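Student: My structure is stored as start14.tsv, with TSV, C-alpha atoms.
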chain	number	residue	atom	x	y	z
F	1	MET	CA	59.90	22.57	-8.76
F	2	TYR	CA	56.60	22.41	-6.91
F	3	ARG	CA	54.72	22.02	-10.17
F	4	LEU	CA	56.99	19.12	-11.09
F	5	LEU	CA	56.45	17.41	-7.73
F	6	TRP	CA	52.71	17.98	-7.98
F	7	ARG	CA	52.62	16.30	-11.40
F	8	ARG	CA	54.54	13.28	-10.07
F	9	LEU	CA	51.96	12.61	-7.35
F	10	PRO	CA	49.50	9.85	-8.29
F	11	GLY	CA	45.76	10.30	-8.74
F	12	GLY	CA	43.60	13.32	-9.43
F	13	THR	CA	43.54	16.64	-7.61
F	14	PRO	CA	41.68	15.40	-4.49
F	15	LEU	CA	44.13	12.51	-3.91
F	16	ARG	CA	47.17	14.71	-4.63
F	17	LEU	CA	45.87	17.29	-2.19
F	18	THR	CA	45.35	14.62	0.49
F	19	ILE	CA	48.87	13.25	0.00
F	20	THR	CA	50.34	16.77	0.17
F	21	VAL	CA	48.50	17.55	3.41
F	22	LEU	CA	49.53	14.23	5.00
F	23	LEU	CA	53.20	14.59	4.01
F	24	THR	CA	53.33	18.19	5.24
F	25	GLY	CA	51.73	17.12	8.52
F	26	ALA	CA	54.28	14.33	8.94
F	27	VAL	CA	57.17	16.73	8.37
F	28	VAL	CA	55.73	19.31	10.81
F	29	ALA	CA	55.18	16.61	13.47
F	30	ALA	CA	58.73	15.29	13.06
F	31	LEU	CA	60.13	18.81	13.43
F	32	TRP	CA	57.93	19.70	16.43
F	33	TYR	CA	58.29	16.50	18.43
F	34	VAL	CA	61.78	15.28	17.47
F	35	VAL	CA	64.02	17.86	15.83
F	36	PHE	CA	63.05	21.01	17.77
F	37	PRO	CA	63.16	19.44	21.27
F	38	TRP	CA	66.66	18.21	20.40
F	39	LEU	CA	67.78	21.51	18.94
F	40	ALA	CA	66.29	24.05	21.38
F	41	PRO	CA	68.45	23.30	24.47
F	42	ARG	CA	71.57	23.62	22.29
F	43	LEU	CA	70.93	27.25	21.42
F	44	PRO	CA	72.15	30.11	23.61
F	45	MET	CA	68.66	31.15	24.62
F	46	GLY	CA	67.71	32.59	27.99
Q	1	MET	CA	71.93	28.05	-13.99
Q	2	THR	CA	68.52	29.67	-14.14
Q	3	ALA	CA	66.98	26.39	-12.99
Q	4	THR	CA	69.36	26.17	-10.00
Q	5	VAL	CA	68.58	29.73	-8.97
Q	6	ARG	CA	64.90	28.99	-9.25
Q	7	VAL	CA	65.12	25.86	-7.08
Q	8	VAL	CA	67.14	27.71	-4.43
Q	9	GLY	CA	64.57	30.47	-4.47
Q	10	GLU	CA	61.73	27.99	-4.16
Q	11	LEU	CA	63.45	26.26	-1.22
Q	12	CYS	CA	63.62	29.57	0.66
Q	13	LEU	CA	59.87	29.47	1.19
Q	14	PRO	CA	59.74	26.18	3.15
Q	15	ALA	CA	62.97	27.17	4.94
Q	16	GLY	CA	61.30	30.37	6.13
Q	17	LEU	CA	58.23	28.43	7.22
Q	18	VAL	CA	60.40	25.99	9.19
Q	19	LEU	CA	62.08	28.93	10.97
Q	20	LEU	CA	58.67	30.40	11.82
Q	21	LEU	CA	57.58	27.00	13.11
Q	22	PHE	CA	60.72	26.78	15.25
Q	23	TYR	CA	59.98	30.20	16.69
Q	24	ALA	CA	56.46	29.05	17.54
Q	25	TYR	CA	57.97	25.96	19.17
Q	26	LEU	CA	60.28	28.10	21.34
Q	27	LEU	CA	57.33	30.25	22.43
Q	28	TRP	CA	54.69	27.56	23.02
Q	29	GLY	CA	56.15	24.10	22.53
Q	30	THR	CA	58.86	24.47	25.16
Q	31	GLY	CA	56.30	25.90	27.60
Q	32	ALA	CA	54.04	22.87	27.19
Q	33	GLU	CA	57.05	20.61	27.77
Q	34	THR	CA	57.93	22.40	31.01
Q	35	GLU	CA	54.33	22.35	32.23
Q	36	ARG	CA	54.32	18.58	31.77
Q	37	GLU	CA	57.59	18.24	33.68
Q	38	GLN	CA	56.31	20.60	36.40
Q	39	ARG	CA	53.27	18.39	37.03
Q	40	VAL	CA	55.62	15.44	37.56
Q	41	LEU	CA	58.01	17.43	39.78
Q	42	GLN	CA	55.26	18.96	41.91
Q	43	SER	CA	53.62	15.62	42.65
Q	44	ARG	CA	57.08	14.24	43.35
Q	45	LEU	CA	57.60	17.10	45.79
Q	46	GLY	CA	54.44	16.03	47.62
Q	47	GLU	CA	56.02	12.60	48.13
Q	48	VAL	CA	59.30	14.13	49.30
Q	49	PHE	CA	57.48	16.30	51.87
Q	50	LEU	CA	55.47	13.32	53.18
Q	51	ARG	CA	58.60	11.19	53.44
Q	52	HIS	CA	60.37	13.94	55.34
Q	53	GLU	CA	57.49	14.18	57.81
Q	54	ALA	CA	57.55	10.42	58.35
Q	55	HIS	CA	61.30	9.76	58.56
Q	56	GLY	CA	63.12	13.07	58.43
Q	57	SER	CA	65.79	13.48	55.77
Q	58	PRO	CA	69.02	15.39	55.32
Q	59	GLY	CA	67.44	17.63	52.66
Q	60	GLY	CA	68.76	18.17	49.17
Q	61	ALA	CA	67.89	16.22	46.06
Q	62	ARG	CA	69.55	14.25	43.31
Q	63	ILE	CA	70.24	15.97	39.98
Q	64	GLY	CA	66.98	16.21	38.05
Q	65	ASP	CA	64.81	15.62	41.12
Q	66	ALA	CA	62.48	18.09	42.85
Q	67	LEU	CA	64.08	20.15	45.63
Q	68	ALA	CA	61.55	22.77	46.76
Q	69	LEU	CA	58.53	24.81	45.75
Q	70	LEU	CA	59.06	28.45	44.76
Q	71	ARG	CA	56.34	31.09	45.08
Q	72	ILE	CA	56.62	34.82	44.39
Q	73	PRO	CA	53.42	36.69	45.37
Q	74	ARG	CA	54.44	39.81	43.41
Q	75	LEU	CA	54.26	37.75	40.22
Q	76	GLY	CA	50.75	36.50	40.96
Q	77	ALA	CA	48.95	34.21	43.39
Q	78	GLY	CA	49.24	31.37	40.88
Q	79	TYR	CA	53.00	31.71	40.53
Q	80	ARG	CA	54.46	28.44	41.71
Q	81	PHE	CA	57.32	26.41	40.31
Q	82	ALA	CA	58.92	23.24	41.55
Q	83	VAL	CA	62.67	23.83	41.78
Q	84	VAL	CA	64.76	21.09	40.19
Q	85	GLU	CA	68.26	20.14	41.37
Q	86	GLY	CA	70.84	21.04	38.72
Q	87	VAL	CA	71.36	23.77	36.13
Q	88	SER	CA	72.17	21.74	33.01
Q	89	PRO	CA	70.04	22.47	29.92
Q	90	ASP	CA	68.18	19.25	30.65
Q	91	ALA	CA	67.41	20.30	34.24
Q	92	LEU	CA	66.35	23.84	33.31
Q	93	ARG	CA	63.93	22.36	30.78
Q	94	LYS	CA	61.91	21.16	33.80
Q	95	GLY	CA	61.87	24.43	35.75
Q	96	PRO	CA	64.10	26.77	37.74
Q	97	GLY	CA	67.21	24.89	38.87
Q	98	HIS	CA	69.31	24.92	42.04
Q	99	TYR	CA	73.07	25.27	41.55
Q	100	PRO	CA	74.46	22.04	43.06
Q	101	GLY	CA	76.85	22.78	45.88
Q	102	THR	CA	75.34	26.12	46.86
Q	103	ALA	CA	73.31	26.43	50.07
Q	104	LEU	CA	70.02	24.57	50.45
Q	105	PRO	CA	66.83	26.53	51.26
Q	106	GLY	CA	67.22	28.29	54.61
Q	107	GLN	CA	70.89	27.43	55.04
Q	108	VAL	CA	73.52	30.03	55.83
Q	109	GLY	CA	75.29	30.78	52.56
Q	110	ASN	CA	73.87	31.46	49.12
Q	111	PHE	CA	70.87	29.48	47.83
Q	112	VAL	CA	71.31	30.00	44.08
Q	113	LEU	CA	68.62	29.39	41.47
Q	114	SER	CA	68.83	29.73	37.71
Q	115	GLY	CA	65.81	29.87	35.41
Q	116	HIS	CA	64.80	30.57	31.83
Q	117	ARG	CA	63.80	34.11	30.95
Q	118	THR	CA	61.83	33.39	27.79
Q	119	THR	CA	61.48	29.77	26.72
Q	120	TYR	CA	60.45	26.67	28.75
Q	121	ALA	CA	57.52	28.32	30.59
Q	122	ALA	CA	59.90	31.22	31.38
Q	123	PRO	CA	59.85	30.93	35.20
Q	124	PHE	CA	62.09	33.99	35.64
Q	125	ASN	CA	60.55	36.06	32.82
Q	126	ARG	CA	59.35	38.83	35.14
Q	127	ILE	CA	61.85	38.80	38.00
Q	128	ASP	CA	63.02	42.21	36.79
Q	129	GLU	CA	59.71	43.49	38.25
Q	130	LEU	CA	60.65	42.48	41.80
Q	131	ARG	CA	61.28	45.34	44.19
Q	132	PRO	CA	63.19	45.50	47.46
Q	133	GLY	CA	61.00	44.10	50.24
Q	134	ASP	CA	59.08	41.65	48.01
Q	135	ASP	CA	58.66	38.15	49.44
Q	136	VAL	CA	60.12	35.08	47.80
Q	137	VAL	CA	58.67	31.99	49.46
Q	138	VAL	CA	60.47	28.65	49.33
Q	139	ASP	CA	58.73	25.52	50.61
Q	140	ALA	CA	61.41	22.98	51.48
Q	141	PRO	CA	60.82	19.53	53.03
Q	142	ASP	CA	61.70	20.79	56.53
Q	143	ALA	CA	60.10	24.25	56.58
Q	144	ARG	CA	58.79	27.26	54.72
Q	145	TYR	CA	61.49	29.86	54.18
Q	146	THR	CA	60.61	33.42	53.28
Q	147	TYR	CA	63.28	35.55	51.68
Q	148	GLN	CA	62.98	39.25	51.05
Q	149	VAL	CA	64.31	40.91	47.91
Q	150	ARG	CA	67.23	43.26	48.61
Q	151	GLY	CA	68.27	44.30	45.12
Q	152	LYS	CA	69.01	43.38	41.55
Q	153	GLU	CA	71.79	43.95	39.08
Q	154	VAL	CA	72.88	43.06	35.56
Q	155	VAL	CA	76.23	41.31	35.23
Q	156	ASP	CA	78.35	39.57	32.59
Q	157	PRO	CA	77.84	35.81	32.21
Q	158	GLY	CA	81.43	35.37	33.41
Q	159	ASP	CA	80.86	37.15	36.75
Q	160	LEU	CA	80.57	33.97	38.76
Q	161	ASP	CA	81.20	35.60	42.14
Q	162	VAL	CA	77.48	36.41	42.42
Q	163	VAL	CA	76.97	32.74	43.32
Q	164	ASP	CA	79.65	32.71	46.04
Q	165	PRO	CA	78.48	31.99	49.62
Q	166	VAL	CA	79.33	35.64	50.27
Q	167	PRO	CA	78.71	37.24	46.86
Q	168	GLY	CA	81.75	39.11	45.59
Q	169	HIS	CA	84.04	37.64	48.26
Q	170	PRO	CA	85.15	34.19	47.15
Q	171	GLY	CA	86.39	32.08	50.03
Q	172	ARG	CA	84.88	34.18	52.80
Q	173	ARG	CA	82.77	32.32	55.39
Q	174	PRO	CA	79.08	33.22	55.15
Q	175	THR	CA	77.12	34.35	58.19
Q	176	THR	CA	73.76	35.11	56.58
Q	177	ALA	CA	71.30	33.06	54.52
Q	178	LEU	CA	71.00	34.62	51.08
Q	179	MET	CA	69.15	33.62	47.96
Q	180	THR	CA	70.21	34.57	44.44
Q	181	MET	CA	68.06	34.16	41.35
Q	182	THR	CA	69.85	34.38	38.02
Q	183	THR	CA	68.42	34.52	34.52
Q	184	CYS	CA	69.28	35.76	31.05
Q	185	ASN	CA	69.18	39.43	30.12
Q	186	PRO	CA	67.90	41.08	28.00
Q	187	LYS	CA	64.92	38.92	27.11
Q	188	PHE	CA	65.56	36.53	24.17
Q	189	SER	CA	69.30	36.93	24.62
Q	190	ALA	CA	72.06	35.40	26.70
Q	191	ALA	CA	74.44	38.35	26.49
Q	192	GLN	CA	74.10	39.29	30.18
Q	193	ARG	CA	72.73	37.90	33.42
Q	194	LEU	CA	70.04	39.47	35.56
Q	195	ILE	CA	70.65	38.83	39.26
Q	196	VAL	CA	68.03	39.24	42.00
Q	197	GLN	CA	69.33	38.94	45.52
Q	198	SER	CA	67.23	38.22	48.61
Q	199	VAL	CA	67.89	37.55	52.28
Q	200	LEU	CA	66.18	35.08	54.62
Q	201	VAL	CA	63.75	36.79	56.96
Q	202	ARG	CA	61.48	34.01	58.26
Q	203	ARG	CA	61.35	30.29	58.91
Q	204	GLU	CA	58.01	28.68	59.73
Q	205	ALA	CA	56.19	25.37	59.49
Q	206	ARG	CA	54.72	24.53	56.11
Q	207	ASN	CA	50.92	24.39	56.15
Q	208	ASP	CA	50.20	22.36	53.05
Could you show the structure in this file as structure tokens?
Tutor:
Amino acid sequence: MYRLLWRRLPGGTPLRLTITVLLTGAVVAALWYVVFPWLAPRLPMG
Amino acid sequence: MTATVRVVGELCLPAGLVLLLFYAYLLWGTGAETEREQRVLQSRLGEVFLRHEAHGSPGGARIGDALALLRIPRLGAGYRFAVVEGVSPDALRKGPGHYPGTALPGQVGNFVLSGHRTTYAAPFNRIDELRPGDDVVVDAPDARYTYQVRGKEVVDPGDLDVVDPVPGHPGRRPTTALMTMTTCNPKFSAAQRLIVQSVLVRREARND
């Protein structure tokens, strides 16, 4: 699956790597700043 | 079939990483959030104190607003948290919260605070270390109230009589000023509640 996605990215290795890093960063930021702050108070945590 | 299994297997890796990231968020992200909120609440408390000195005020605070400053010398000289009014998840995100309707600082009755044990800067993380005789200092707009720890116990989450004006005797009229801190027990769980009870021993002018 990852190989397939990698092949579908445009450009050579450096550009593909850049896109991968940027996309991963965007997902991590969305989780950290939006999803987790929403989710955390809803869990039965002390 | 094989392809499906492979994709599911491959998705487990990012899923695991997301769970790890969430764990990191609970440990550090929530703490940063609370520290931000505490800066706001503590400066707000400064305003509340000044306003009280200028005009006097009945005491108390609206839900989500700063009520008092809590210090516990046993837990370090730097231990200070602004107490927020309310115990909803949103209030406790900001710091230890005062159960609305229970006594205000210094009042006869039971001044009840609830705080996180692990996440959100974990204000009550170490209250299990308090020993009888330890001071718990509460700066309210009208005065500084010093409570002294009397004891602690572990109860079920449903044992609500620990927050009664006279703990364990619902409906009885209080004659002493108590303070009760409640938090989750054991750490990282909400299966039980840890209760630390203190009694008012001193009222003096704030010197801030």
Student: Per residue of chain F within 10 Å of chain Q, note the shortest atom pair and the distance in Å to one decimal, counting only C-alpha atoms, and order the rows by chain and increasing residue number, as CSV.
Tutor:
residue,atom,partner,partner_atom,distance
F:Met1,CA,Q:Val7,CA,6.4
F:Tyr2,CA,Q:Glu10,CA,8.1
F:Val27,CA,Q:Val18,CA,9.8
F:Val28,CA,Q:Leu21,CA,8.2
F:Leu31,CA,Q:Phe22,CA,8.2
F:Trp32,CA,Q:Tyr25,CA,6.8
F:Tyr33,CA,Q:Gly29,CA,8.9
F:Val35,CA,Q:Phe22,CA,9.5
F:Phe36,CA,Q:Phe22,CA,6.7
F:Pro37,CA,Q:Thr30,CA,7.7
F:Leu39,CA,Q:Phe22,CA,9.6
F:Ala40,CA,Q:Leu26,CA,7.2
F:Pro41,CA,Q:Pro89,CA,5.7
F:Arg42,CA,Q:Pro89,CA,7.9
F:Leu43,CA,Q:Ala190,CA,9.8
F:Pro44,CA,Q:Ala190,CA,6.1
F:Met45,CA,Q:Ser189,CA,5.8
F:Gly46,CA,Q:Cys184,CA,4.7
Student: Rounded to one decimal, what separation in Å do you get between atom CA of Q:Thr175 and atom CA of Q:Leu113?
Tutor: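 Computing the Euclidean distance for atom CA of Q:Thr175 and atom CA of Q:Leu113 yields 19.4 Å.
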Student: Select all residues near (62.6, 48.0, 46.9) (cut-off 9 Å, inclusive, file coordinates), counting only C-alpha atoms, and output them as a PDB file with C-alpha atoms, keeping the file's coordinate frame.
Tutor:
ATOM      1  CA  LEU Q 130      60.650  42.480  41.800  1.00  0.00           C
ATOM      2  CA  ARG Q 131      61.280  45.340  44.190  1.00  0.00           C
ATOM      3  CA  PRO Q 132      63.190  45.500  47.460  1.00  0.00           C
ATOM      4  CA  GLY Q 133      61.000  44.100  50.240  1.00  0.00           C
ATOM      5  CA  ASP Q 134      59.080  41.650  48.010  1.00  0.00           C
ATOM      6  CA  VAL Q 149      64.310  40.910  47.910  1.00  0.00           C
ATOM      7  CA  ARG Q 150      67.230  43.260  48.610  1.00  0.00           C
ATOM      8  CA  GLY Q 151      68.270  44.300  45.120  1.00  0.00           C
TER       9      GLY Q 151
END
Student: Atom CA of Q:Gly97 to atom CA of Q:Pro165: how many Å, to one decimal?
Tutor: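 Going from atom CA of Q:Gly97 over to atom CA of Q:Pro165 covers 17.1 Å.
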Student: Choose the residue, out of Q:Arg202, Q:Arg51, Q:His169, Q:Arg80, that has the smallest atom-to-atom separation from Q:Ala121; count all atoms listed in the file.
Tutor: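 Answer, going by the shortest atom-to-atom distance: Q:Arg80.
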Student: Box for stretch 17-24 of chain F: with edges along x, y and z, all listed atoms inside and 4 Å added on each side, what are the centre and edge lengths in Å to one decimal, as JSON?
Tutor:
{"center_x": 49.3, "center_y": 15.7, "center_z": 1.5, "size_x": 16.0, "size_y": 12.9, "size_z": 15.4}
Student: Can you tell me which residues surround Q:Gln42 at a distance of at most 12 Å, considering all atoms listed in the file, apart from same-chain residues fewer than 6 positions away, and format the answer as a list in words?
Tutor: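 Within the cut-off, the hits are Thr34, Glu35, Arg36, Val48, Phe49, Asp65, Ala66, Leu67, Ala68, Leu69, Leu70, Arg80, Phe81, Ala82, Val83, Val84, Lys94, Gly95 and Asp139 of chain Q.
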Student: What does the distance from atom CA of Q:Val87 to atom CA of Q:Val112 come to in Å, to one decimal?
Tutor: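 Taking atom CA of Q:Val87 as the start and atom CA of Q:Val112 as the end point, the length is 10.1 Å.
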Student: Model the absent atoms of stretch 32-64 of chain Q so that N, CA and C atoms are present, and write the result as a short mmCIF file (atom, residue, chain, number, x, y, z; two decimals), in the coordinates of the input.
Tutor:
data_model
loop_
_atom_site.label_atom_id
_atom_site.label_comp_id
_atom_site.auth_asym_id
_atom_site.auth_seq_id
_atom_site.Cartn_x
_atom_site.Cartn_y
_atom_site.Cartn_z
N ALA Q 32 54.87 24.05 26.94
CA ALA Q 32 54.04 22.87 27.19
C ALA Q 32 54.90 21.74 27.78
N GLU Q 33 56.12 21.63 27.28
CA GLU Q 33 57.05 20.61 27.77
C GLU Q 33 57.33 20.83 29.26
N THR Q 34 57.63 22.08 29.62
CA THR Q 34 57.93 22.40 31.01
C THR Q 34 56.72 22.19 31.90
N GLU Q 35 55.52 22.56 31.41
CA GLU Q 35 54.33 22.35 32.23
C GLU Q 35 54.12 20.88 32.54
N ARG Q 36 54.41 20.03 31.55
CA ARG Q 36 54.32 18.58 31.77
C ARG Q 36 55.31 18.15 32.85
N GLU Q 37 56.55 18.61 32.71
CA GLU Q 37 57.59 18.24 33.68
C GLU Q 37 57.26 18.79 35.07
N GLN Q 38 56.66 20.00 35.11
CA GLN Q 38 56.31 20.60 36.40
C GLN Q 38 55.25 19.77 37.12
N ARG Q 39 54.29 19.23 36.38
CA ARG Q 39 53.27 18.39 37.03
C ARG Q 39 53.94 17.20 37.70
N VAL Q 40 54.90 16.59 36.99
CA VAL Q 40 55.62 15.44 37.56
C VAL Q 40 56.41 15.87 38.80
N LEU Q 41 57.16 16.97 38.68
CA LEU Q 41 58.01 17.43 39.78
C LEU Q 41 57.19 17.82 41.00
N GLN Q 42 56.04 18.49 40.77
CA GLN Q 42 55.26 18.96 41.91
C GLN Q 42 54.62 17.80 42.66
N SER Q 43 54.19 16.76 41.93
CA SER Q 43 53.62 15.62 42.65
C SER Q 43 54.75 14.86 43.35
N ARG Q 44 55.91 14.85 42.73
CA ARG Q 44 57.08 14.24 43.35
C ARG Q 44 57.43 14.97 44.65
N LEU Q 45 57.31 16.29 44.62
CA LEU Q 45 57.60 17.10 45.79
C LEU Q 45 56.66 16.74 46.94
N GLY Q 46 55.40 16.47 46.60
CA GLY Q 46 54.44 16.03 47.62
C GLY Q 46 54.94 14.78 48.33
N GLU Q 47 55.47 13.83 47.55
CA GLU Q 47 56.02 12.60 48.13
C GLU Q 47 57.21 12.91 49.03
N VAL Q 48 58.09 13.79 48.54
CA VAL Q 48 59.30 14.13 49.30
C VAL Q 48 58.92 14.74 50.65
N PHE Q 49 57.92 15.64 50.63
CA PHE Q 49 57.48 16.30 51.87
C PHE Q 49 56.92 15.25 52.85
N LEU Q 50 56.08 14.36 52.32
CA LEU Q 50 55.47 13.32 53.18
C LEU Q 50 56.55 12.44 53.78
N ARG Q 51 57.54 12.07 52.96
CA ARG Q 51 58.60 11.19 53.44
C ARG Q 51 59.41 11.88 54.53
N HIS Q 52 59.62 13.19 54.33
CA HIS Q 52 60.37 13.94 55.34
C HIS Q 52 59.61 13.96 56.67
N GLU Q 53 58.28 14.16 56.59
CA GLU Q 53 57.49 14.18 57.81
C GLU Q 53 57.54 12.84 58.52
N ALA Q 54 57.57 11.75 57.76
CA ALA Q 54 57.55 10.42 58.35
C ALA Q 54 58.92 10.04 58.92
N HIS Q 55 59.98 10.28 58.16
CA HIS Q 55 61.30 9.76 58.56
C HIS Q 55 62.34 10.84 58.81
N GLY Q 56 62.06 12.07 58.43
CA GLY Q 56 63.12 13.07 58.43
C GLY Q 56 64.06 12.76 57.29
N SER Q 57 64.83 13.72 56.86
CA SER Q 57 65.79 13.48 55.77
C SER Q 57 66.80 14.61 55.78
N PRO Q 58 67.98 14.37 55.26
CA PRO Q 58 69.02 15.39 55.32
C PRO Q 58 68.73 16.59 54.42
N GLY Q 59 67.71 16.52 53.59
CA GLY Q 59 67.44 17.63 52.66
C GLY Q 59 68.29 17.47 51.42
N GLY Q 60 68.04 18.31 50.43
CA GLY Q 60 68.76 18.17 49.17
C GLY Q 60 68.07 17.17 48.26
N ALA Q 61 68.51 17.11 47.03
CA ALA Q 61 67.89 16.22 46.06
C ALA Q 61 68.93 15.80 45.04
N ARG Q 62 68.65 14.67 44.39
CA ARG Q 62 69.55 14.25 43.31
C ARG Q 62 69.33 15.13 42.08
N ILE Q 63 70.35 15.20 41.22
CA ILE Q 63 70.24 15.97 39.98
C ILE Q 63 68.99 15.53 39.21
N GLY Q 64 68.18 16.51 38.83
CA GLY Q 64 66.98 16.21 38.05
C GLY Q 64 65.75 15.97 38.90
#
